[in-house]
>>> print(open('run_24.txt').read())   # compact mmCIF, C-alpha atoms
# COMPACT_ATOMS: atom_id res chain seq x y z
CA MET U 4 -15.55 86.63 27.04
CA ARG U 5 -17.29 83.33 26.79
CA ARG U 6 -16.29 80.68 29.29
CA TYR U 7 -15.43 77.28 27.84
CA GLN U 8 -17.92 74.58 28.83
CA PRO U 9 -16.41 71.11 28.72
CA ASN U 10 -18.55 68.20 27.54
CA THR U 11 -20.29 66.14 30.20
CA PRO U 12 -18.25 63.05 31.07
CA ARG U 13 -20.65 60.64 29.42
CA THR U 14 -20.41 62.33 26.04
CA ASP U 15 -16.63 62.36 26.20
CA GLU U 16 -16.43 58.70 27.05
CA ALA U 17 -18.77 57.61 24.27
CA GLY U 18 -16.87 59.72 21.75
CA LEU U 19 -13.58 58.28 22.92
CA GLN U 20 -14.90 54.74 22.62
CA LEU U 21 -16.11 55.27 19.07
CA THR U 22 -12.84 56.87 17.99
CA LEU U 23 -10.80 54.04 19.47
CA LEU U 24 -12.94 51.40 17.77
CA ALA U 25 -12.89 53.16 14.42
CA THR U 26 -9.11 53.62 14.35
CA TYR U 27 -8.17 50.25 15.85
CA ALA U 28 -5.60 48.28 13.82
CA PRO U 29 -4.13 45.30 15.68
CA PRO U 30 -0.40 44.54 15.92
CA GLY U 31 1.72 42.12 13.93
CA HIS U 32 0.04 39.29 12.08
CA LEU U 33 -3.36 40.13 13.57
CA ARG U 34 -3.50 43.12 11.26
CA SER U 35 -5.23 42.63 7.93
CA GLY U 36 -2.45 43.23 5.44
CA GLY U 37 0.10 41.71 7.82
CA PRO U 38 2.72 43.32 10.09
CA ARG U 39 3.57 46.97 9.49
CA HIS U 40 7.31 46.18 9.45
CA ASP U 41 9.70 43.57 10.82
CA ASN U 42 9.53 44.90 14.39
CA ASP U 43 5.73 44.80 14.62
CA ASP U 44 4.40 41.86 16.64
CA ALA U 45 1.42 40.91 18.79
CA SER U 46 3.77 39.87 21.59
CA ILE U 47 6.08 42.47 23.18
CA LEU U 48 8.59 39.71 23.86
CA GLN U 49 9.26 39.64 20.13
CA ILE U 50 9.68 43.40 19.79
CA SER U 51 13.24 44.68 20.10
CA VAL U 52 13.60 47.94 21.99
CA GLU U 53 15.83 49.49 19.32
CA PRO U 54 13.97 50.31 16.10
CA SER U 55 14.81 48.32 13.00
CA GLN U 56 15.70 49.88 9.67
CA ALA U 57 12.26 49.05 8.28
CA GLU U 58 10.52 50.51 11.31
CA LEU U 59 12.42 53.79 10.95
CA VAL U 60 11.25 54.38 7.41
CA CYS U 61 7.72 53.01 7.87
CA THR U 62 4.95 55.52 7.27
CA VAL U 63 2.06 53.47 8.70
CA ALA U 64 0.77 54.58 12.11
CA PRO U 65 2.04 52.32 14.92
CA TYR U 66 -0.10 50.21 17.22
CA LEU U 67 -0.65 52.32 20.34
CA PRO U 68 -3.36 50.94 22.60
CA ALA U 69 -5.13 53.27 25.01
CA ASN U 70 -4.50 52.61 28.69
CA VAL U 71 -8.20 52.25 29.46
CA ALA U 72 -10.06 49.04 30.37
CA THR U 73 -12.80 49.59 27.78
CA ALA U 74 -10.44 50.28 24.85
CA PRO U 75 -10.03 47.64 22.13
CA HIS U 76 -6.97 45.43 22.64
CA HIS U 77 -5.84 42.07 21.37
CA LEU U 78 -5.25 40.65 24.87
CA ARG U 79 -7.82 39.84 27.51
CA SER U 80 -8.99 42.66 29.70
CA ASP U 81 -7.95 42.50 33.38
CA SER U 82 -4.88 40.39 32.58
CA MET U 83 -1.31 41.22 33.57
CA GLU U 84 -0.18 40.46 30.00
CA ARG U 85 -2.35 43.28 28.73
CA LEU U 86 -1.05 45.75 31.33
CA LEU U 87 2.58 44.95 30.52
CA ASP U 88 1.84 45.10 26.78
CA ILE U 89 0.27 48.57 27.01
CA GLN U 90 2.97 49.94 29.32
CA PHE U 91 5.74 48.62 27.07
CA ARG U 92 4.27 50.04 23.86
CA LEU U 93 3.42 53.44 25.30
CA LEU U 94 6.76 53.89 27.08
CA ARG U 95 8.67 52.81 24.00
CA GLU U 96 6.71 55.25 21.84
CA GLU U 97 7.42 58.04 24.30
CA LEU U 98 11.13 57.22 24.14
CA LEU U 99 11.36 56.92 20.38
CA PHE U 100 8.66 59.08 18.82
CA VAL U 101 11.17 61.86 18.32
CA ILE U 102 13.16 59.83 15.83
CA LEU U 103 10.47 57.63 14.32
CA MET T 30 17.26 73.44 5.41
CA LEU T 31 19.33 70.30 5.45
CA ALA T 32 21.26 71.57 2.43
CA SER T 33 22.27 74.71 4.29
CA ILE T 34 23.41 72.61 7.24
CA ILE T 35 25.63 70.61 4.92
CA THR T 36 27.06 73.76 3.39
CA LYS T 37 27.80 75.22 6.81
CA GLN T 38 29.25 71.88 7.89
CA GLY T 39 26.94 71.33 10.80
CA GLY T 40 24.11 72.95 12.68
CA ARG T 41 20.67 72.41 14.13
CA TYR T 42 17.73 71.00 12.27
CA ARG T 43 14.17 71.70 13.29
CA GLY T 44 11.83 68.76 12.77
CA GLN T 45 8.03 69.01 12.92
CA LEU T 46 6.50 66.51 15.34
CA ASP T 47 2.88 67.44 14.93
CA TYR T 48 0.72 70.49 14.69
CA ASN T 49 2.26 72.40 17.54
CA ASP T 50 5.48 70.71 18.47
CA THR T 51 8.87 70.91 16.87
CA VAL T 52 12.07 69.27 17.99
CA MET T 53 15.66 70.37 17.46
CA PHE T 54 18.26 67.88 16.30
CA SER T 55 21.97 68.57 16.20
CA VAL T 56 23.43 67.54 12.84
CA TYR T 57 27.11 66.79 12.26
CA THR T 58 28.43 66.51 8.72
CA ASN T 59 31.07 64.71 6.73
CA VAL T 60 31.34 61.57 8.82
CA ARG T 61 34.40 59.40 8.31
CA PHE T 62 35.54 56.37 10.22
CA GLY T 63 38.42 55.42 12.49
CA ASN T 64 39.16 52.24 14.37
CA ILE T 65 36.58 49.79 15.56
CA THR T 66 37.22 49.26 19.25
CA THR T 67 35.92 46.81 21.80
CA ASP T 68 34.59 47.70 25.22
CA ARG T 69 32.26 46.11 27.75
CA ARG T 70 29.26 47.01 25.61
CA GLY T 71 30.62 45.24 22.54
CA LEU T 72 31.96 46.82 19.40
CA ALA T 73 32.22 50.59 19.11
CA SER T 74 33.01 52.37 15.85
CA THR T 75 35.10 55.52 15.83
CA LEU T 76 33.48 58.40 13.97
CA VAL T 77 35.25 61.55 12.84
CA PHE T 78 33.14 64.49 11.66
CA ASP T 79 33.15 68.27 11.21
CA THR T 80 33.14 70.46 14.26
CA PRO T 81 29.84 72.34 14.25
CA PRO T 82 29.87 76.09 13.58
CA GLY T 83 30.13 78.55 16.42
CA THR T 84 32.14 78.47 19.62
CA ALA T 85 33.19 74.89 19.02
CA ARG T 86 35.39 76.05 16.14
CA ASN T 87 37.22 78.66 18.18
CA THR T 88 40.94 78.82 17.36
CA SER T 89 41.86 78.71 21.04
CA THR T 90 42.36 75.22 22.44
CA THR T 91 41.20 76.18 25.92
CA GLN T 92 38.05 77.84 24.56
CA ARG T 93 37.12 74.72 22.64
CA ALA T 94 37.75 72.51 25.66
CA ALA T 95 35.71 74.86 27.86
CA PHE T 96 32.81 74.75 25.40
CA TRP T 97 32.55 70.98 25.49
CA GLU T 98 33.02 70.89 29.24
CA ARG T 99 29.91 73.05 29.51
CA MET T 100 28.05 71.10 26.85
CA GLY T 101 29.19 67.69 28.03
CA SER T 102 25.91 66.75 29.59
CA LYS T 103 23.72 68.12 26.80
CA ARG T 104 25.40 67.27 23.52
CA LEU T 105 27.24 64.15 22.39
CA MET T 106 26.91 62.77 25.90
CA PRO T 107 27.74 59.13 26.72
CA GLY T 108 24.62 56.99 26.43
CA GLY T 109 22.92 59.43 24.09
CA LEU T 110 21.15 58.21 20.97
CA VAL T 111 22.55 59.05 17.54
CA ALA T 112 21.58 58.17 13.99
CA LEU T 113 24.10 57.82 11.20
CA VAL T 114 22.41 58.67 7.90
CA TRP T 115 24.32 57.13 5.01
CA ARG T 116 23.15 58.27 1.64
CA THR T 117 24.32 56.82 -1.65
CA PRO T 118 22.82 57.53 -5.09
CA GLY T 119 20.86 54.28 -4.83
CA SER T 120 19.65 54.28 -1.24
CA THR T 121 19.59 55.88 2.15
CA SER T 122 20.23 53.89 5.30
CA ILE T 123 19.86 54.90 8.93
CA TYR T 124 21.93 53.26 11.64
CA LEU T 125 21.04 53.95 15.25
CA GLY T 126 23.56 53.71 18.04
CA ILE T 127 24.54 54.81 21.51
CA ILE T 128 27.52 57.08 22.17
CA ALA T 129 30.16 54.90 23.83
CA SER T 130 32.91 57.47 24.25
CA SER T 131 33.26 59.54 27.39
CA ALA T 132 33.06 63.30 27.79
CA ARG T 133 36.79 63.25 28.42
CA GLU T 134 37.47 61.65 25.03
CA LEU T 135 35.29 64.26 23.36
CA ILE T 136 37.06 67.16 25.06
CA ALA T 137 40.44 65.67 24.14
CA SER T 138 39.44 65.48 20.48
CA ALA T 139 38.24 69.11 20.64
CA ARG T 140 41.62 70.16 22.02
CA ALA T 141 43.42 68.26 19.27
CA SER T 142 41.56 69.91 16.40
CA ALA T 143 39.46 72.99 15.62
CA THR T 144 37.87 71.39 12.58
CA THR T 145 37.00 67.81 13.54
CA LEU T 146 35.58 65.90 16.48
CA THR T 147 36.01 62.23 17.28
CA ILE T 148 33.63 60.00 19.22
CA ARG T 149 32.91 56.29 19.45
CA VAL T 150 29.47 54.84 18.83
CA ALA T 151 28.09 51.39 19.64
CA PHE T 152 25.62 50.74 16.84
CA PHE T 153 22.64 48.40 17.23
CA ASP T 154 22.85 46.78 13.83
CA PRO T 155 26.06 44.79 13.25
CA ALA T 156 25.72 45.37 9.50
CA ILE T 157 27.24 48.82 9.98
CA GLU T 158 30.61 47.43 10.99
CA VAL T 159 30.80 45.41 7.80
CA ARG T 160 29.89 48.49 5.82
CA ILE T 161 32.59 50.51 7.59
CA LEU T 162 35.19 47.87 6.71
CA GLU T 163 34.12 48.06 3.08
CA TRP T 164 34.42 51.83 3.22
CA TYR T 165 38.00 51.37 4.45
CA GLN T 166 38.87 49.06 1.61
CA ARG T 167 37.48 51.44 -0.99
CA GLU T 168 39.44 54.21 0.70
CA ASP T 169 36.39 56.41 0.55
CA ALA T 170 36.60 56.54 -3.23
CA ASN T 171 32.95 57.35 -3.82
CA PRO T 172 32.32 61.12 -3.84
CA ASN T 173 28.57 60.77 -4.33
CA GLU T 174 27.98 59.58 -0.81
CA THR T 175 26.97 61.75 2.13
CA ARG T 176 27.15 60.63 5.70
CA ILE T 177 25.76 62.78 8.47
CA LEU T 178 25.29 62.14 12.15
CA VAL T 179 22.04 63.24 13.76
CA GLU T 180 21.85 63.57 17.49
CA ALA T 181 18.46 62.75 18.95
CA PRO T 182 17.50 64.44 22.23
CA VAL T 183 16.78 61.03 23.74
CA MET T 184 18.53 59.57 26.78
CA TYR T 185 18.10 56.07 25.48
CA GLU T 186 20.06 54.30 28.19
CA SER T 187 17.89 55.77 30.94
CA VAL T 188 14.69 54.22 29.56
CA ARG T 189 15.88 51.04 27.89
CA PRO T 190 16.26 49.03 31.15
CA PHE T 191 12.61 49.72 32.03
CA LEU T 192 11.47 48.48 28.64
CA GLU T 193 13.50 45.31 29.00
CA ALA T 194 12.03 44.81 32.47
CA LEU T 195 8.47 45.11 31.13
CA LYS T 196 9.09 41.95 29.14
CA ALA T 197 8.88 40.10 32.47
CA GLU T 198 6.90 36.95 33.11
CA PRO T 199 3.38 38.24 33.90
CA THR T 200 2.81 35.77 36.75
CA SER T 201 5.89 37.08 38.54
CA ILE T 202 4.37 40.52 39.15
CA PRO T 203 2.95 40.77 42.69
CA PHE T 204 -0.36 42.47 43.54
CA SER T 205 -1.58 41.87 40.01
CA LYS T 206 -5.24 41.93 40.99
CA HIS T 207 -4.79 45.50 42.14
CA LEU T 208 -2.75 46.62 39.13
CA VAL T 209 -4.63 45.29 36.12
CA LEU T 210 -7.14 47.37 34.20
CA TYR T 211 -10.72 46.94 35.31
CA ASP T 212 -13.92 47.96 33.65
CA GLY T 213 -15.29 49.16 36.95
CA SER T 214 -14.08 50.52 40.22
CA LEU T 215 -10.96 49.43 42.03
CA ALA T 216 -12.98 49.74 45.22
CA SER T 217 -14.80 46.55 44.27
CA VAL T 218 -11.58 44.51 44.43
CA PRO T 219 -11.33 42.75 47.79
CA LEU T 220 -8.37 43.85 49.90
CA ASP T 221 -7.24 40.74 51.73
CA PRO T 222 -4.88 40.49 54.65
CA PRO T 223 -1.28 39.63 53.77
CA GLN T 224 -1.04 36.01 52.74
CA TYR T 225 1.42 35.05 55.47
CA ALA T 226 -0.90 36.52 58.11
CA THR T 227 -3.69 34.12 57.15
CA GLU T 228 -1.68 31.06 58.22
CA PRO T 229 -3.45 29.15 61.03
CA ARG T 230 -0.95 29.80 63.84
CA PHE T 231 -0.04 33.34 62.81
CA SER T 232 -0.75 36.36 65.00
CA TRP T 233 0.84 39.78 65.31
CA ASP T 234 2.44 40.51 68.67
CA LEU T 235 1.65 44.13 69.46
CA SER T 236 3.03 43.97 73.02
CA PRO T 237 6.00 46.24 72.18
CA LEU T 238 3.53 49.07 71.68
CA LEU T 239 2.16 48.80 75.22
CA PRO T 240 3.68 49.71 78.55
CA ASP T 241 5.83 46.94 80.10
CA GLY T 242 4.16 43.69 80.97
CA HIS T 243 1.06 44.10 78.85
CA ASN T 244 0.37 41.56 76.14
CA LEU T 245 -1.62 42.13 72.97
CA GLN T 246 -2.07 39.73 70.08
CA LEU T 247 -3.75 40.51 66.75
CA ASP T 248 -5.19 37.66 64.68
CA VAL T 249 -6.19 39.03 61.27
CA LYS T 250 -8.63 36.17 60.71
CA ASP T 251 -10.70 37.09 63.78
CA ALA T 252 -12.90 40.20 63.75
CA VAL T 253 -13.11 40.25 67.56
CA SER T 254 -9.34 40.22 67.81
CA ILE T 255 -9.10 43.11 65.35
CA ALA T 256 -11.68 45.20 67.23
CA ASN T 257 -9.95 44.45 70.52
CA ALA T 258 -6.57 45.48 69.15
CA ARG T 259 -7.98 48.80 68.01
CA ASP T 260 -9.45 49.50 71.45
CA VAL T 261 -6.40 48.54 73.43
CA LEU T 262 -4.01 50.48 71.22
CA ARG T 263 -6.20 53.53 71.36
CA ASN T 264 -6.52 53.47 75.12
CA GLU T 265 -3.25 52.09 76.42
CA SER T 266 -0.47 52.61 73.90
CA THR T 267 1.72 55.64 73.33
CA LEU T 268 0.23 56.06 69.83
CA ASP T 269 -2.39 58.67 69.11
CA PRO T 270 -5.84 57.51 67.81
CA SER T 271 -5.07 57.90 64.10
CA GLN T 272 -1.73 56.13 64.48
CA ALA T 273 -3.39 53.28 66.38
CA GLU T 274 -5.93 52.89 63.55
CA ALA T 275 -3.12 52.98 60.98
CA VAL T 276 -1.23 50.17 62.72
CA VAL T 277 -4.24 47.85 62.75
CA ASP T 278 -5.29 48.79 59.21
CA SER T 279 -1.81 48.16 57.82
CA LEU T 280 -1.39 44.81 59.53
CA THR T 281 -4.75 43.53 58.29
CA ARG T 282 -4.32 44.48 54.61
CA GLU T 283 -1.90 43.35 51.92
CA VAL T 284 -1.52 46.90 50.56
CA SER T 285 -1.83 50.10 52.57
CA LEU T 286 -0.85 53.73 52.16
CA ILE T 287 0.05 55.83 55.18
CA GLN T 288 -0.34 59.52 54.51
CA GLY T 289 0.24 62.51 56.71
CA PRO T 290 1.81 65.97 56.95
CA PRO T 291 5.34 66.36 58.32
CA GLY T 292 5.83 65.48 61.98
CA THR T 293 2.80 63.24 62.39
CA GLY T 294 4.88 60.15 63.07
CA LYS T 295 4.77 58.21 59.79
CA VAL T 296 8.38 57.07 60.17
CA ARG T 297 7.81 56.09 63.76
CA LEU T 298 4.82 54.08 62.65
CA THR T 299 6.77 52.28 59.96
CA ASN T 300 9.43 51.35 62.52
CA THR T 301 6.65 50.06 64.75
CA LEU T 302 5.31 47.84 61.99
CA TYR T 303 8.80 46.59 61.31
CA LEU T 304 9.23 45.83 64.99
CA ALA T 305 5.97 43.89 65.05
CA SER T 306 6.98 41.73 62.10
CA SER T 307 10.51 41.15 63.46
CA PHE T 308 9.13 39.80 66.72
CA TRP T 309 7.07 37.31 64.78
CA VAL T 310 10.07 36.14 62.78
CA PHE T 311 12.20 35.63 65.91
CA SER T 312 9.50 33.80 67.84
CA GLU T 313 8.93 31.46 64.94
CA LEU T 314 12.60 30.67 64.76
CA TYR T 315 12.69 29.81 68.48
CA ARG T 316 9.62 27.64 68.19
CA HIS T 317 11.16 25.49 65.50
CA ALA T 318 14.70 25.24 66.88
CA PRO T 319 15.54 21.62 67.88
CA SER T 320 15.95 21.14 71.63
CA PRO T 321 19.26 19.56 72.69
CA SER T 322 18.89 15.88 73.61
CA PRO T 323 21.52 13.74 75.37
CA HIS T 324 20.57 10.76 73.18
CA GLN T 325 21.31 12.39 69.83
CA GLU T 326 24.63 12.85 68.20
>>> encode(input="run_24.txt", output="structure tokens")
Amino acid sequence: MRRYQPNTPRTDEAGLQLTLLATYAPPGHLRSGGPRHDNDDASILQISVEPSQAELVCTVAPYLPANVATAPHHLRSDSMERLLDIQFRLLREELLFVIL
Amino acid sequence: MLASIITKQGGRYRGQLDYNDTVMFSVYTNVRFGNITTDRRGLASTLVFDTPPGTARNTSTTQRAAFWERMGSKRLMPGGLVALVWRTPGSTSIYLGIIASSARELIASARASATTLTIRVAFFDPAIEVRILEWYQREDANPNETRILVEAPVMYESVRPFLEALKAEPTSIPFSKHLVLYDGSLASVPLDPPQYATEPRFSWDLSPLLPDGHNLQLDVKDAVSIANARDVLRNESTLDPSQAEAVVDSLTREVSLIQGPPGTGKVRLTNTLYLASSFWVFSELYRHAPSPSPHQE
């Protein structure tokens, strides 16, 4: 039985970077084509925790930033705003993905 | 599959999440409305729907009550998330809400009837209450509507407060330079002494750790003082070498983690640190207290 050989760390990281860059679509008005729905915003202060009607029926993939310093993000790296933004979006997605 | 659930007047629906995962939703059919009540959360709408098939429909009152007593923390629990799906020929709307009624109310409604259940739901969108009032006025005259209640396996109320808290003012979060994402190693972030310890007159009084009469001060700004404190604690205190190191390391850094297997004295150490900081607080208070003067009122 062949033993699985994982990729070396450098290959994984480069691949991850490229995937994140290729699939990156910013939140709210920063997105070309405008916000995905009425609860999509660049600032988490404007996002209500409960999903809106439009958000429930939306078929576009949501904005889910990776929790990695090198990932693309609309806020400055090494800022507290960015940390809170990522934590809010990921936790909310974990709470609601079942129904969205 | 949904059609068969509607025919059987309730049941479980399996939804596909992604390639490997599915999730089970409980579906309750034939939703009608009762009173709109007020409680500390706001408005709550009363919903009446079919009892799901199985044990819940047992003809014995005690059996039905027993079923929901067992299920009370897993299905239709207070604080759980539900979705009312309201379908008319023209459109389908989804209204999310939190269950506002208690387990006791649910069990009481199960006792009262073998065919229906009654709960109260606090919906997020106030438009639903208007729609319910319109439904009342029409006296449910439209037979082409279906209303089902879907129960999501989500304890909404246990996560919501954390999400609200994350909307905090970013500058109010302490230790931000240690928490934010870095492109690099956290080891390169300087670990300063606690801010209060860098005040000019501040020093830790470690005398309580030494046998009676001995005095030991630790000034975090002075490397000689730090080295001296380590030596004295190691040689003269009742702490063992690793504990002595831990005391000095903790008092000279703004963040520290004390780790050890059971019985190594972590709690004792924490009390020691607390004692050291309390002595500082008391001595500062005495230093600043006004001395009584016969010439003042």
>>> interface_residues(input="run_24.txt", of="chain T", to="chain U", cutoff="6 Å", atoms="all atoms listed in the file", output="PyMOL selection string")
chain T and resi 192+195-196+199+209-212
>>> residues_around(input="run_24.txt", residues="region 18-27 of chain U", least_positions_apart="2", cutoff="8 Å", atoms="all atoms listed in the file", output="VMD selection string")
chain U and resid 14 to 16 29 69 73 to 75
>>> atom_distance(input="run_24.txt", atom1="CA of Thr227 (chain T)", atom2="CA of Lys250 (chain T)")
6.4 Å
>>> closest_residue(input="run_24.txt", among="T:Pro237, T:Gly119, T:Pro222, T:Pro107", to="Leu280 (chain T)", atoms="only C-alpha atoms")
T:Pro222
>>> atom_distance(input="run_24.txt", atom1="CA of Ile65 (chain T)", atom2="CA of Glu158 (chain T)")
7.9 Å
